[in-house]
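Pasted below: entry-v2.cif, mmCIF, C-alpha atoms.
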```cif
data_entry
loop_
_atom_site.group_PDB
_atom_site.id
_atom_site.type_symbol
_atom_site.label_atom_id
_atom_site.label_comp_id
_atom_site.auth_asym_id
_atom_site.auth_seq_id
_atom_site.Cartn_x
_atom_site.Cartn_y
_atom_site.Cartn_z
ATOM 1 C CA MET N 17 0.000 0.000 0.000
ATOM 2 C CA SER N 18 2.766 2.391 0.926
ATOM 3 C CA GLN N 19 4.348 1.695 -2.469
ATOM 4 C CA LYS N 20 1.302 3.069 -4.277
ATOM 5 C CA PHE N 21 0.581 5.883 -1.872
ATOM 6 C CA ARG N 22 2.770 8.625 -3.312
ATOM 7 C CA ILE N 23 1.768 12.166 -4.134
ATOM 8 C CA LYS N 24 3.976 13.768 -6.774
ATOM 9 C CA PHE N 25 4.171 17.380 -5.787
ATOM 10 C CA ARG N 26 6.826 20.063 -5.809
ATOM 11 C CA ILE N 27 6.551 23.503 -4.283
ATOM 12 C CA LYS N 28 9.016 26.280 -3.471
ATOM 13 C CA THR N 29 9.304 27.581 0.092
ATOM 14 C CA TRP N 30 7.974 31.050 -0.741
ATOM 15 C CA GLN N 31 4.988 29.556 -2.565
ATOM 16 C CA ALA N 32 4.063 27.364 0.405
ATOM 17 C CA GLY N 33 4.467 30.324 2.752
ATOM 18 C CA PHE N 34 2.389 32.546 0.482
ATOM 19 C CA VAL N 35 -0.508 30.067 0.261
ATOM 20 C CA VAL N 36 -0.674 29.469 4.019
ATOM 21 C CA GLY N 37 -0.270 33.173 4.795
ATOM 22 C CA LEU N 38 -3.077 34.136 2.427
ATOM 23 C CA LEU N 39 -5.422 31.461 3.811
ATOM 24 C CA SER N 40 -4.596 32.388 7.413
ATOM 25 C CA ALA N 41 -5.430 36.021 6.685
ATOM 26 C CA LEU N 42 -8.667 35.179 4.885
ATOM 27 C CA ALA N 43 -9.721 32.936 7.799
ATOM 28 C CA GLN N 44 -10.657 36.139 9.586
ATOM 29 C CA SER N 45 -13.691 36.507 7.287
ATOM 30 C CA ILE N 46 -15.057 33.198 8.649
ATOM 31 C CA TYR N 47 -16.072 35.022 11.835
ATOM 32 C CA ASN N 48 -18.951 36.539 9.863
ATOM 33 C CA LEU N 49 -20.454 33.077 9.372
ATOM 34 C CA MET N 50 -20.815 32.711 13.137
ATOM 35 C CA PRO N 51 -23.772 34.913 14.031
ATOM 36 C CA LYS N 52 -24.355 33.859 17.625
ATOM 37 C CA ALA N 53 -21.795 34.138 20.344
ATOM 38 C CA VAL N 54 -21.226 34.708 24.033
ATOM 39 C CA GLU N 55 -24.014 36.604 25.795
ATOM 40 C CA GLY N 56 -25.608 37.990 22.695
ATOM 41 C CA VAL N 57 -22.482 39.627 21.271
ATOM 42 C CA ALA N 58 -21.789 38.636 17.682
ATOM 43 C CA ALA N 59 -18.755 36.447 17.142
ATOM 44 C CA TYR N 60 -16.844 38.774 14.852
ATOM 45 C CA LYS N 61 -16.807 41.431 17.570
ATOM 46 C CA LEU N 62 -15.233 39.031 20.080
ATOM 47 C CA ALA N 63 -12.785 37.426 17.716
ATOM 48 C CA PRO N 64 -9.149 38.466 17.923
ATOM 49 C CA VAL N 65 -7.590 39.860 14.766
ATOM 50 C CA ALA N 66 -4.822 38.035 12.900
ATOM 51 C CA TYR N 67 -5.888 34.766 14.506
ATOM 52 C CA GLY N 68 -5.899 32.391 11.537
ATOM 53 C CA PHE N 69 -2.804 30.430 12.539
ATOM 54 C CA CYS N 70 -1.140 30.244 15.924
ATOM 55 C CA MET N 71 0.585 27.315 17.558
ATOM 56 C CA PHE N 72 0.395 28.736 21.080
ATOM 57 C CA CYS N 73 -3.074 30.338 21.046
ATOM 58 C CA HIS N 74 -4.837 27.454 19.358
ATOM 59 C CA VAL N 75 -3.233 24.866 21.633
ATOM 60 C CA ARG N 76 -4.248 27.011 24.615
ATOM 61 C CA ASP N 77 -7.826 27.165 23.313
ATOM 62 C CA ILE N 78 -8.024 23.388 22.822
ATOM 63 C CA VAL N 79 -6.503 22.743 26.278
ATOM 64 C CA ASN N 80 -8.947 25.231 27.761
ATOM 65 C CA TRP N 81 -11.857 23.592 25.933
ATOM 66 C CA PHE N 82 -11.166 20.240 27.600
ATOM 67 C CA MET N 83 -9.954 21.447 30.993
ATOM 68 C CA ARG N 84 -12.184 24.439 31.590
ATOM 69 C CA SER N 85 -13.466 23.067 34.870
ATOM 70 C CA PHE N 86 -9.933 22.667 36.279
ATOM 71 C CA PHE N 87 -8.326 25.782 34.809
ATOM 72 C CA SER N 88 -11.074 28.347 35.053
ATOM 73 C CA PHE N 89 -8.497 31.150 35.225
ATOM 74 C CA MET N 90 -7.143 30.474 31.737
ATOM 75 C CA THR N 91 -8.140 33.283 29.411
ATOM 76 C CA PRO N 92 -8.678 31.901 25.927
ATOM 77 C CA ALA N 93 -9.787 33.917 22.943
ATOM 78 C CA PRO N 94 -13.520 34.536 23.520
ATOM 79 C CA ILE N 95 -14.385 32.943 20.179
ATOM 80 C CA SER N 96 -13.011 29.592 21.294
ATOM 81 C CA THR N 97 -15.463 29.349 24.164
ATOM 82 C CA ILE N 98 -17.916 28.537 21.344
ATOM 83 C CA ILE N 99 -15.635 26.157 19.482
ATOM 84 C CA PRO N 100 -11.821 25.957 19.557
ATOM 85 C CA ALA N 101 -9.693 26.298 16.429
ATOM 86 C CA LEU N 102 -8.465 22.939 15.157
ATOM 87 C CA THR N 103 -5.351 24.123 13.318
ATOM 88 C CA ILE N 104 -3.032 21.881 15.313
ATOM 89 C CA VAL N 105 -5.071 18.747 14.613
ATOM 90 C CA GLY N 106 -5.055 19.563 10.902
ATOM 91 C CA LEU N 107 -1.340 20.341 10.983
ATOM 92 C CA LEU N 108 -0.461 16.974 12.541
ATOM 93 C CA ILE N 109 -2.678 15.037 10.098
ATOM 94 C CA GLY N 110 -1.430 17.006 7.068
ATOM 95 C CA ALA N 111 2.215 16.555 8.017
ATOM 96 C CA TYR N 112 1.641 12.826 8.661
ATOM 97 C CA ILE N 113 -0.003 12.337 5.243
ATOM 98 C CA SER N 114 2.827 14.247 3.573
ATOM 99 C CA ALA N 115 5.499 12.294 5.469
ATOM 100 C CA LEU N 116 3.892 8.981 4.451
ATOM 101 C CA SER N 117 3.543 10.024 0.828
ATOM 102 C CA THR N 118 7.200 11.048 0.565
ATOM 103 C CA LYS N 119 8.390 8.045 2.620
ATOM 104 C CA SER N 120 10.056 10.410 5.067
ATOM 105 C CA PHE N 121 8.274 8.884 8.064
ATOM 106 C CA ASN N 122 10.835 7.157 10.238
ATOM 107 C CA VAL N 123 11.063 6.810 13.988
ATOM 108 C CA ARG N 124 14.197 8.526 15.251
ATOM 109 C CA LYS N 125 15.623 10.765 17.981
ATOM 110 C CA THR N 126 17.524 14.002 17.500
ATOM 111 C CA ILE N 127 18.129 15.196 21.072
ATOM 112 C CA ASN N 128 17.467 13.775 24.536
ATOM 113 C CA PRO N 129 13.635 13.594 24.874
ATOM 114 C CA GLY N 130 13.765 14.755 28.507
ATOM 115 C CA LEU N 131 15.578 17.916 27.422
ATOM 116 C CA ALA N 132 13.124 18.354 24.543
ATOM 117 C CA PHE N 133 10.236 18.139 27.035
ATOM 118 C CA VAL N 134 11.796 20.975 29.079
ATOM 119 C CA TYR N 135 12.347 23.037 25.922
ATOM 120 C CA GLY N 136 8.663 22.531 25.086
ATOM 121 C CA ILE N 137 7.600 23.930 28.460
ATOM 122 C CA LEU N 138 10.040 26.855 28.157
ATOM 123 C CA VAL N 139 8.964 27.817 24.636
ATOM 124 C CA ALA N 140 5.295 27.575 25.676
ATOM 125 C CA SER N 141 6.007 29.864 28.648
ATOM 126 C CA PHE N 142 7.750 32.528 26.589
ATOM 127 C CA ALA N 143 5.048 32.287 23.911
ATOM 128 C CA ALA N 144 2.528 32.954 26.688
ATOM 129 C CA ILE N 145 4.518 36.025 27.748
ATOM 130 C CA LEU N 146 4.704 37.326 24.189
ATOM 131 C CA GLY N 147 1.105 36.301 23.453
ATOM 132 C CA ALA N 148 1.998 34.765 20.120
ATOM 133 C CA CYS N 149 4.085 32.039 18.496
ATOM 134 C CA PRO N 150 6.627 32.706 15.699
ATOM 135 C CA ILE N 151 3.883 32.221 13.102
ATOM 136 C CA ARG N 152 1.270 34.453 14.649
ATOM 137 C CA ILE N 153 3.845 37.175 15.268
ATOM 138 C CA ALA N 154 4.481 37.172 11.494
ATOM 139 C CA LEU N 155 0.709 37.276 10.942
ATOM 140 C CA ARG N 156 0.369 40.202 13.333
ATOM 141 C CA ALA N 157 3.285 41.937 11.632
ATOM 142 C CA ALA N 158 1.362 41.572 8.376
ATOM 143 C CA TYR N 159 -1.540 43.216 10.231
ATOM 144 C CA ILE N 160 0.915 46.158 10.666
ATOM 145 C CA ASP N 161 1.428 45.856 14.419
ATOM 146 C CA ILE N 162 4.617 47.679 15.490
ATOM 147 C CA ILE N 163 4.927 45.616 18.703
ATOM 148 C CA ALA N 164 4.933 42.458 16.554
ATOM 149 C CA PHE N 165 8.004 43.756 14.725
ATOM 150 C CA VAL N 166 9.641 44.330 18.125
ATOM 151 C CA GLY N 167 8.795 40.718 19.033
ATOM 152 C CA ILE N 168 10.359 39.482 15.781
ATOM 153 C CA ALA N 169 13.485 41.527 16.585
ATOM 154 C CA GLY N 170 13.586 39.812 19.994
ATOM 155 C CA MET N 171 13.270 36.414 18.304
ATOM 156 C CA ILE N 172 16.155 37.185 15.936
ATOM 157 C CA ILE N 173 18.345 38.303 18.884
ATOM 158 C CA GLY N 174 17.435 35.109 20.744
ATOM 159 C CA ALA N 175 18.202 32.936 17.725
ATOM 160 C CA ILE N 176 21.578 34.666 17.259
ATOM 161 C CA ALA N 177 22.452 34.251 20.964
ATOM 162 C CA ALA N 178 21.618 30.531 20.890
ATOM 163 C CA SER N 179 23.536 30.095 17.617
ATOM 164 C CA GLU N 180 26.608 31.720 19.172
ATOM 165 C CA ILE N 181 26.415 29.365 22.161
ATOM 166 C CA LEU N 182 26.006 26.359 19.858
ATOM 167 C CA LEU N 183 28.982 27.510 17.759
ATOM 168 C CA LYS N 184 31.134 28.004 20.859
ATOM 169 C CA ARG N 185 30.198 24.592 22.232
ATOM 170 C CA ALA N 186 30.932 22.932 18.881
ATOM 171 C CA GLY N 187 34.278 24.750 18.671
ATOM 172 C CA GLY N 188 35.198 24.037 22.315
ATOM 173 C CA ASP N 189 35.028 20.250 21.945
ATOM 174 C CA MET K 14 -22.523 27.676 11.340
ATOM 175 C CA VAL K 15 -21.098 27.502 14.853
ATOM 176 C CA TYR K 16 -18.404 25.141 13.598
ATOM 177 C CA ALA K 17 -17.308 27.337 10.673
ATOM 178 C CA PHE K 18 -14.165 28.644 12.349
ATOM 179 C CA ALA K 19 -13.141 25.181 13.591
ATOM 180 C CA VAL K 20 -13.636 23.642 10.137
ATOM 181 C CA ALA K 21 -11.802 26.497 8.398
ATOM 182 C CA THR K 22 -8.805 26.289 10.720
ATOM 183 C CA LEU K 23 -8.788 22.491 10.402
ATOM 184 C CA ILE K 24 -8.521 22.825 6.618
ATOM 185 C CA ILE K 25 -5.828 25.527 6.910
ATOM 186 C CA GLY K 26 -3.942 23.257 9.307
ATOM 187 C CA LEU K 27 -4.161 20.324 6.869
ATOM 188 C CA ILE K 28 -2.842 22.433 3.981
ATOM 189 C CA ALA K 29 -0.147 24.015 6.165
ATOM 190 C CA GLY K 30 0.986 20.649 7.534
ATOM 191 C CA PHE K 31 1.177 19.177 4.033
ATOM 192 C CA LEU K 32 3.021 22.109 2.430
ATOM 193 C CA PHE K 33 5.346 22.913 5.331
ATOM 194 C CA GLN K 34 6.345 19.247 5.647
ATOM 195 C CA ARG K 35 7.389 19.349 1.981
ATOM 196 C CA THR K 36 9.374 22.561 2.296
ATOM 197 C CA GLY K 37 10.740 21.945 5.809
ATOM 198 C CA GLN K 38 9.530 25.398 6.784
ATOM 199 C CA CYS K 39 10.591 26.772 10.152
ATOM 200 C CA PHE K 40 9.919 30.296 11.365
ATOM 201 C CA ILE K 41 12.900 30.368 13.752
ATOM 202 C CA GLY K 42 15.246 28.324 11.576
ATOM 203 C CA ALA K 43 14.862 31.041 8.948
ATOM 204 C CA TYR K 44 16.645 33.599 11.136
ATOM 205 C CA ARG K 45 19.135 31.009 12.438
ATOM 206 C CA ASP K 46 20.119 29.869 8.920
ATOM 207 C CA LEU K 47 20.479 33.458 7.768
ATOM 208 C CA TYR K 48 22.874 34.169 10.637
ATOM 209 C CA LEU K 49 24.825 30.902 10.712
ATOM 210 C CA PHE K 50 25.018 29.908 7.045
ATOM 211 C CA LYS K 51 23.885 33.044 5.136
ATOM 212 C CA ASP K 52 21.163 30.742 3.759
ATOM 213 C CA THR K 53 17.878 32.404 2.740
ATOM 214 C CA HIS K 54 16.006 29.210 1.772
ATOM 215 C CA LEU K 55 13.698 29.227 4.820
ATOM 216 C CA LEU K 56 13.599 33.029 5.038
ATOM 217 C CA LYS K 57 11.885 33.075 1.637
ATOM 218 C CA GLY K 58 9.082 31.025 3.204
ATOM 219 C CA VAL K 59 8.668 33.544 6.043
ATOM 220 C CA VAL K 60 8.699 36.480 3.608
ATOM 221 C CA GLY K 61 6.201 34.633 1.390
ATOM 222 C CA PHE K 62 3.974 34.036 4.432
ATOM 223 C CA PHE K 63 4.185 37.723 5.364
ATOM 224 C CA ILE K 64 3.359 38.941 1.848
ATOM 225 C CA GLY K 65 0.526 36.416 1.481
ATOM 226 C CA ALA K 66 -1.014 37.498 4.790
ATOM 227 C CA LEU K 67 -0.587 41.186 3.898
ATOM 228 C CA ILE K 68 -2.365 40.679 0.559
ATOM 229 C CA GLY K 69 -5.087 38.698 2.336
ATOM 230 C CA TYR K 70 -5.730 41.506 4.817
ATOM 231 C CA ILE K 71 -5.745 44.143 2.068
ATOM 232 C CA ILE K 72 -8.334 42.051 0.193
ATOM 233 C CA LEU K 73 -10.454 41.782 3.360
ATOM 234 C CA LYS K 74 -10.136 45.509 3.979
ATOM 235 C CA ILE K 75 -11.374 46.293 0.477
ATOM 236 C CA VAL K 76 -14.033 43.591 0.042
ATOM 237 C CA ALA K 77 -15.523 43.059 3.486
ATOM 238 C CA GLU K 78 -14.880 46.367 5.177
ATOM 239 C CA PRO K 79 -17.360 46.538 8.072
ATOM 240 C CA PHE K 80 -16.642 43.271 9.855
ATOM 241 C CA THR K 81 -13.478 41.463 9.187
ATOM 242 C CA ALA K 82 -10.557 43.852 8.976
ATOM 243 C CA ALA K 83 -12.075 47.017 10.359
ATOM 244 C CA ASN K 84 -8.913 47.908 12.309
ATOM 245 C CA PHE K 85 -6.547 46.550 9.648
ATOM 246 C CA PRO K 86 -3.534 48.780 9.894
ATOM 247 C CA TRP K 87 -3.360 47.937 13.615
ATOM 248 C CA ALA K 88 -0.686 50.586 14.216
ATOM 249 C CA PHE K 89 -3.090 53.204 12.832
ATOM 250 C CA TYR K 90 -6.018 52.321 15.121
ATOM 251 C CA ASN K 91 -4.235 50.980 18.245
ATOM 252 C CA THR K 92 -0.966 52.837 17.949
ATOM 253 C CA LEU K 93 1.268 50.792 20.270
ATOM 254 C CA ALA K 94 -1.117 48.487 22.112
ATOM 255 C CA ALA K 95 0.126 45.282 23.720
ATOM 256 C CA ILE K 96 -0.429 41.979 21.930
ATOM 257 C CA PRO K 97 -3.827 40.880 23.321
ATOM 258 C CA GLY K 98 -2.915 37.232 23.906
ATOM 259 C CA SER K 99 -0.111 38.002 26.386
ATOM 260 C CA ILE K 100 -0.579 36.759 29.953
ATOM 261 C CA VAL K 101 1.442 39.696 31.297
ATOM 262 C CA LYS K 102 -0.979 42.603 31.293
ATOM 263 C CA ALA K 103 1.476 45.350 30.411
ATOM 264 C CA LYS K 104 0.024 48.847 30.527
ATOM 265 C CA ASP K 105 2.662 51.463 29.691
ATOM 266 C CA LEU K 106 4.811 51.520 26.568
ATOM 267 C CA LEU K 107 8.089 50.563 28.250
ATOM 268 C CA SER K 108 6.689 47.398 29.835
ATOM 269 C CA ILE K 109 4.942 46.486 26.549
ATOM 270 C CA LEU K 110 8.282 46.737 24.739
ATOM 271 C CA ILE K 111 10.081 44.761 27.490
ATOM 272 C CA VAL K 112 7.443 42.017 27.355
ATOM 273 C CA ALA K 113 7.754 41.808 23.547
ATOM 274 C CA ILE K 114 11.568 41.690 23.653
ATOM 275 C CA VAL K 115 11.765 39.188 26.541
ATOM 276 C CA GLY K 116 9.060 36.933 25.094
ATOM 277 C CA GLY K 117 10.599 37.054 21.632
ATOM 278 C CA PHE K 118 14.109 36.444 22.966
ATOM 279 C CA GLY K 119 12.989 33.391 24.974
ATOM 280 C CA ILE K 120 11.133 31.875 22.026
ATOM 281 C CA GLY K 121 14.077 32.514 19.687
ATOM 282 C CA PHE K 122 16.683 31.192 22.137
ATOM 283 C CA PHE K 123 14.982 27.948 23.204
ATOM 284 C CA SER K 124 13.552 27.228 19.746
ATOM 285 C CA THR K 125 17.056 27.453 18.269
ATOM 286 C CA ALA K 126 18.376 25.209 21.060
ATOM 287 C CA MET K 127 15.614 22.708 20.226
ATOM 288 C CA GLY K 128 16.169 23.035 16.485
ATOM 289 C CA GLY K 129 12.898 24.492 15.289
ATOM 290 C CA CYS K 130 9.848 26.602 16.015
ATOM 291 C CA PRO K 131 6.717 25.031 17.593
ATOM 292 C CA MET K 132 5.162 24.450 14.158
ATOM 293 C CA ARG K 133 8.284 22.697 12.833
ATOM 294 C CA ASN K 134 8.390 20.474 15.917
ATOM 295 C CA HIS K 135 4.732 19.478 15.508
ATOM 296 C CA VAL K 136 5.516 18.575 11.873
ATOM 297 C CA MET K 137 8.613 16.590 12.916
ATOM 298 C CA ALA K 138 6.565 14.821 15.585
ATOM 299 C CA ALA K 139 4.193 13.735 12.801
ATOM 300 C CA GLU K 140 7.269 12.503 10.876
ATOM 301 C CA GLY K 141 8.172 10.200 13.749
ATOM 302 C CA ASN K 142 10.820 12.223 15.583
ATOM 303 C CA LEU K 143 10.530 11.076 19.218
ATOM 304 C CA SER K 144 12.402 14.130 20.542
ATOM 305 C CA SER K 145 9.809 16.337 18.905
ATOM 306 C CA VAL K 146 7.028 14.186 20.355
ATOM 307 C CA ALA K 147 8.488 14.872 23.804
ATOM 308 C CA TYR K 148 8.716 18.570 22.917
ATOM 309 C CA VAL K 149 5.068 18.629 21.789
ATOM 310 C CA ILE K 150 3.971 16.974 25.050
ATOM 311 C CA GLY K 151 6.000 19.568 26.972
ATOM 312 C CA PHE K 152 4.430 22.351 24.921
ATOM 313 C CA TRP K 153 0.887 21.138 25.600
ATOM 314 C CA VAL K 154 1.579 20.508 29.308
ATOM 315 C CA GLY K 155 3.508 23.755 29.682
ATOM 316 C CA ILE K 156 0.618 26.030 28.751
ATOM 317 C CA PRO K 157 -1.675 25.149 31.701
ATOM 318 C CA ILE K 158 1.406 25.156 33.967
ATOM 319 C CA ILE K 159 2.413 28.711 33.034
ATOM 320 C CA TYR K 160 -1.173 29.873 33.540
ATOM 321 C CA LEU K 161 -1.170 28.142 36.930
ATOM 322 C CA ILE K 162 2.075 29.883 37.935
ATOM 323 C CA ILE K 163 0.950 33.308 36.719
ATOM 324 C CA ASN K 164 -2.394 32.860 38.492
ATOM 325 C CA ALA K 165 -0.659 31.838 41.735
ATOM 326 C CA LEU K 166 1.689 34.827 41.559
ATOM 327 C CA GLY K 167 -1.255 37.095 40.812
ATOM 328 C CA ILE K 168 0.518 39.135 38.152
#
```
Taking this structure as input, can you express it in the form of structure tokens?
Amino acid sequence: MSQKFRIKFRIKTWQAGFVVGLLSALAQSIYNLMPKAVEGVAAYKLAPVAYGFCMFCHVRDIVNWFMRSFFSFMTPAPISTIIPALTIVGLLIGAYISALSTKSFNVRKTINPGLAFVYGILVASFAAILGACPIRIALRAAYIDIIAFVGIAGMIIGAIAASEILLKRAGGD
Amino acid sequence: MVYAFAVATLIIGLIAGFLFQRTGQCFIGAYRDLYLFKDTHLLKGVVGFFIGALIGYIILKIVAEPFTAANFPWAFYNTLAAIPGSIVKAKDLLSILIVAIVGGFGIGFFSTAMGGCPMRNHVMAAEGNLSSVAYVIGFWVGIPIIYLIINALGI
């Protein structure tokens, strides 16, 4: 079966980025299809802007959806008290289909999983402080938000600092 | 039509997962590769994403003015407001800037240490990378934990 299941498909990085960026922006118009919302206020008035694609916010909304009774103090986007965004579910399924169809699915380890778990918690924490993940900050920057550009500058500084440490460690050994 | 947003984001996620798995897109790796290797392969994806989103918002602003992108040039309507999703409720401009810099720095630093942004790690988890699976579990567990800590501190 896996022999037959191949999807011939080539795309450049900028094209893939362009398609997803355009769709994520246009997702904002979907709010208009949701007439009813919390306490009589229409959904599009509650919905955050530039919210089509976010790893942190959408995970938070799904977690909140299932654990609302335990974590009542979590403040999700008001729109996801109606129904959470399912971007992450789609992303995992889409990537799995693509990995199968290019035969790039293989079980492996890159770094120590315990360390990776800690990195996951740390990145989630800093994304919570910023209020956006690297994707949504680009989306907000496209929405012409000056603070988003500041956040991107912070990300670039952080990436450079980590790269320097990695270079030093590689050179030191 | 209550499920419209969920269905739309599910479809966007499917397309994004499929395309970004093919191109190996990473929104932190773009800056890292530019700095370390002077390689703009991934940066083109980020720039393409930015331009695509910008065109999308301009279309919304023109076509569906009253609802969808009413405050489109955000800087024009909310000059220097904080990013609404942030758990730190910064009020004045200095603390807003500090929150943006600190949050961005932390994401950039630990994502580079891990080897990819959250989206890239979710894609790699779907490719069978066990380290990324551990990262994804940490990411999902970390979010309620950080809310718990912030709530306990009462910030």
Check which residues satisfy the PyMOL selection byres ((chain K and resi 139) around 12) in the file shown, then give them as a PyMOL selection string. (chain N and resi 104-116+120-124) or (chain K and resi 30-31+33-34+132-138+140-147+149)
Selection to disk with C-alpha atoms, as a PDB file, in the coordinates of the input:
```
ATOM      1  CA  ILE N 104      -3.032  21.881  15.313  1.00  0.00           C
ATOM      2  CA  VAL N 105      -5.071  18.747  14.613  1.00  0.00           C
ATOM      3  CA  GLY N 106      -5.055  19.563  10.902  1.00  0.00           C
ATOM      4  CA  LEU N 107      -1.340  20.341  10.983  1.00  0.00           C
ATOM      5  CA  LEU N 108      -0.461  16.974  12.541  1.00  0.00           C
ATOM      6  CA  ILE N 109      -2.678  15.037  10.098  1.00  0.00           C
ATOM      7  CA  GLY N 110      -1.430  17.006   7.068  1.00  0.00           C
ATOM      8  CA  ALA N 111       2.215  16.555   8.017  1.00  0.00           C
ATOM      9  CA  TYR N 112       1.641  12.826   8.661  1.00  0.00           C
ATOM     10  CA  ILE N 113      -0.003  12.337   5.243  1.00  0.00           C
ATOM     11  CA  SER N 114       2.827  14.247   3.573  1.00  0.00           C
ATOM     12  CA  ALA N 115       5.499  12.294   5.469  1.00  0.00           C
ATOM     13  CA  LEU N 116       3.892   8.981   4.451  1.00  0.00           C
ATOM     14  CA  SER N 120      10.056  10.410   5.067  1.00  0.00           C
ATOM     15  CA  PHE N 121       8.274   8.884   8.064  1.00  0.00           C
ATOM     16  CA  ASN N 122      10.835   7.157  10.238  1.00  0.00           C
ATOM     17  CA  VAL N 123      11.063   6.810  13.988  1.00  0.00           C
ATOM     18  CA  ARG N 124      14.197   8.526  15.251  1.00  0.00           C
TER      19      ARG N 124
ATOM     20  CA  GLY K  30       0.986  20.649   7.534  1.00  0.00           C
ATOM     21  CA  PHE K  31       1.177  19.177   4.033  1.00  0.00           C
ATOM     22  CA  PHE K  33       5.346  22.913   5.331  1.00  0.00           C
ATOM     23  CA  GLN K  34       6.345  19.247   5.647  1.00  0.00           C
ATOM     24  CA  MET K 132       5.162  24.450  14.158  1.00  0.00           C
ATOM     25  CA  ARG K 133       8.284  22.697  12.833  1.00  0.00           C
ATOM     26  CA  ASN K 134       8.390  20.474  15.917  1.00  0.00           C
ATOM     27  CA  HIS K 135       4.732  19.478  15.508  1.00  0.00           C
ATOM     28  CA  VAL K 136       5.516  18.575  11.873  1.00  0.00           C
ATOM     29  CA  MET K 137       8.613  16.590  12.916  1.00  0.00           C
ATOM     30  CA  ALA K 138       6.565  14.821  15.585  1.00  0.00           C
ATOM     31  CA  GLU K 140       7.269  12.503  10.876  1.00  0.00           C
ATOM     32  CA  GLY K 141       8.172  10.200  13.749  1.00  0.00           C
ATOM     33  CA  ASN K 142      10.820  12.223  15.583  1.00  0.00           C
ATOM     34  CA  LEU K 143      10.530  11.076  19.218  1.00  0.00           C
ATOM     35  CA  SER K 144      12.402  14.130  20.542  1.00  0.00           C
ATOM     36  CA  SER K 145       9.809  16.337  18.905  1.00  0.00           C
ATOM     37  CA  VAL K 146       7.028  14.186  20.355  1.00  0.00           C
ATOM     38  CA  ALA K 147       8.488  14.872  23.804  1.00  0.00           C
ATOM     39  CA  VAL K 149       5.068  18.629  21.789  1.00  0.00           C
TER      40      VAL K 149
END
```
Run the PyMOL selection byres ((chain K and resi 42) around 12) mentally over the shown coordinates, then write out the matched residues as a PyMOL selection string, using the chain letters and numbers from the document. (chain N and resi 150+171-172+174-176+178-179) or (chain K and resi 37-41+43-59+120-134)
One number please: atom CA of K:Lys74 to atom CA of K:Ala21, in Å, one decimal. 19.6 Å
Excluding K:Phe62 and any residue of its chain fewer than 4 positions from it, enumerate the residues within 6 Å of it, using all atoms listed in the file, and give them as JSON, numbers by chain. {"N": [33, 34, 37]}
Evaluate the PyMOL selection byres ((chain K and resi 155-166) around 6) against this structure - the residues, as JSON, numbers by chain, please. {"N": [137, 140, 141], "K": [151, 152, 153, 154, 167, 168]}
Keeping C-alpha atoms, export the residues of the selection given above as a tab-separated table (two decimals), in the frame of the given file.
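Result written to result_4.tsv:
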```tsv
chain	number	residue	atom	x	y	z
N	137	ILE	CA	7.60	23.93	28.46
N	140	ALA	CA	5.30	27.58	25.68
N	141	SER	CA	6.01	29.86	28.65
K	151	GLY	CA	6.00	19.57	26.97
K	152	PHE	CA	4.43	22.35	24.92
K	153	TRP	CA	0.89	21.14	25.60
K	154	VAL	CA	1.58	20.51	29.31
K	167	GLY	CA	-1.25	37.10	40.81
K	168	ILE	CA	0.52	39.14	38.15
```
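For the choices K:Tyr90, K:Ser99, K:Ile150, K:Ile68, the atom-to-atom distance to chain N is smallest for K:Ser99 when using all atoms listed in the file.
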Contacts of N:Ile153 within 7 Å, all atoms listed in the file, excl. fewer than 5 positions in-chain, as a PyMOL selection string: chain N and resi 148+164+168
Counting all atoms listed in the file, which of N:Leu146, N:Val139, N:Ala158, N:Met71 gets nearest to K:Pro86?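 Among N:Leu146, N:Val139, N:Ala158, N:Met71, it is N:Ala158 that comes nearest to K:Pro86.
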Pick the closest to chain N from K:Ile71, K:Thr92, K:Val20, K:Leu27: which is it, counting all atoms listed in the file?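 Selected residue with least distance to chain N: K:Leu27.
Of the listed residues K:Ala83, K:Leu106, K:Leu32, K:Ile111, the one whose atoms come nearest to chain N is K:Leu32, with distances taken using only C-alpha atoms.
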What does the distance from atom CA of K:Phe118 to atom CA of N:Ile173 come to in Å, to one decimal?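 Answer for the atom CA of K:Phe118 to atom CA of N:Ile173 separation: 6.2 Å.
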In the coordinates of the file, take the point (10.6, 41.7, 25.3) and a cut-off of 10 Å; then, counting all atoms listed in the file, name each qualifying protein, DNA or RNA residue as a short mmCIF file (atom, residue, chain, number, x, y, z; two decimals) with C-alpha atoms, keeping the file's coordinate frame.
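Now in point.cif:
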```cif
data_model
loop_
_atom_site.label_atom_id
_atom_site.label_comp_id
_atom_site.auth_asym_id
_atom_site.auth_seq_id
_atom_site.Cartn_x
_atom_site.Cartn_y
_atom_site.Cartn_z
CA PHE N 142 7.75 32.53 26.59
CA ILE N 145 4.52 36.02 27.75
CA LEU N 146 4.70 37.33 24.19
CA ILE N 163 4.93 45.62 18.70
CA VAL N 166 9.64 44.33 18.12
CA GLY N 167 8.80 40.72 19.03
CA ILE N 168 10.36 39.48 15.78
CA ALA N 169 13.48 41.53 16.58
CA GLY N 170 13.59 39.81 19.99
CA MET N 171 13.27 36.41 18.30
CA LEU K 107 8.09 50.56 28.25
CA SER K 108 6.69 47.40 29.84
CA ILE K 109 4.94 46.49 26.55
CA LEU K 110 8.28 46.74 24.74
CA ILE K 111 10.08 44.76 27.49
CA VAL K 112 7.44 42.02 27.36
CA ALA K 113 7.75 41.81 23.55
CA ILE K 114 11.57 41.69 23.65
CA VAL K 115 11.76 39.19 26.54
CA GLY K 116 9.06 36.93 25.09
CA GLY K 117 10.60 37.05 21.63
CA PHE K 118 14.11 36.44 22.97
CA GLY K 119 12.99 33.39 24.97
#
```
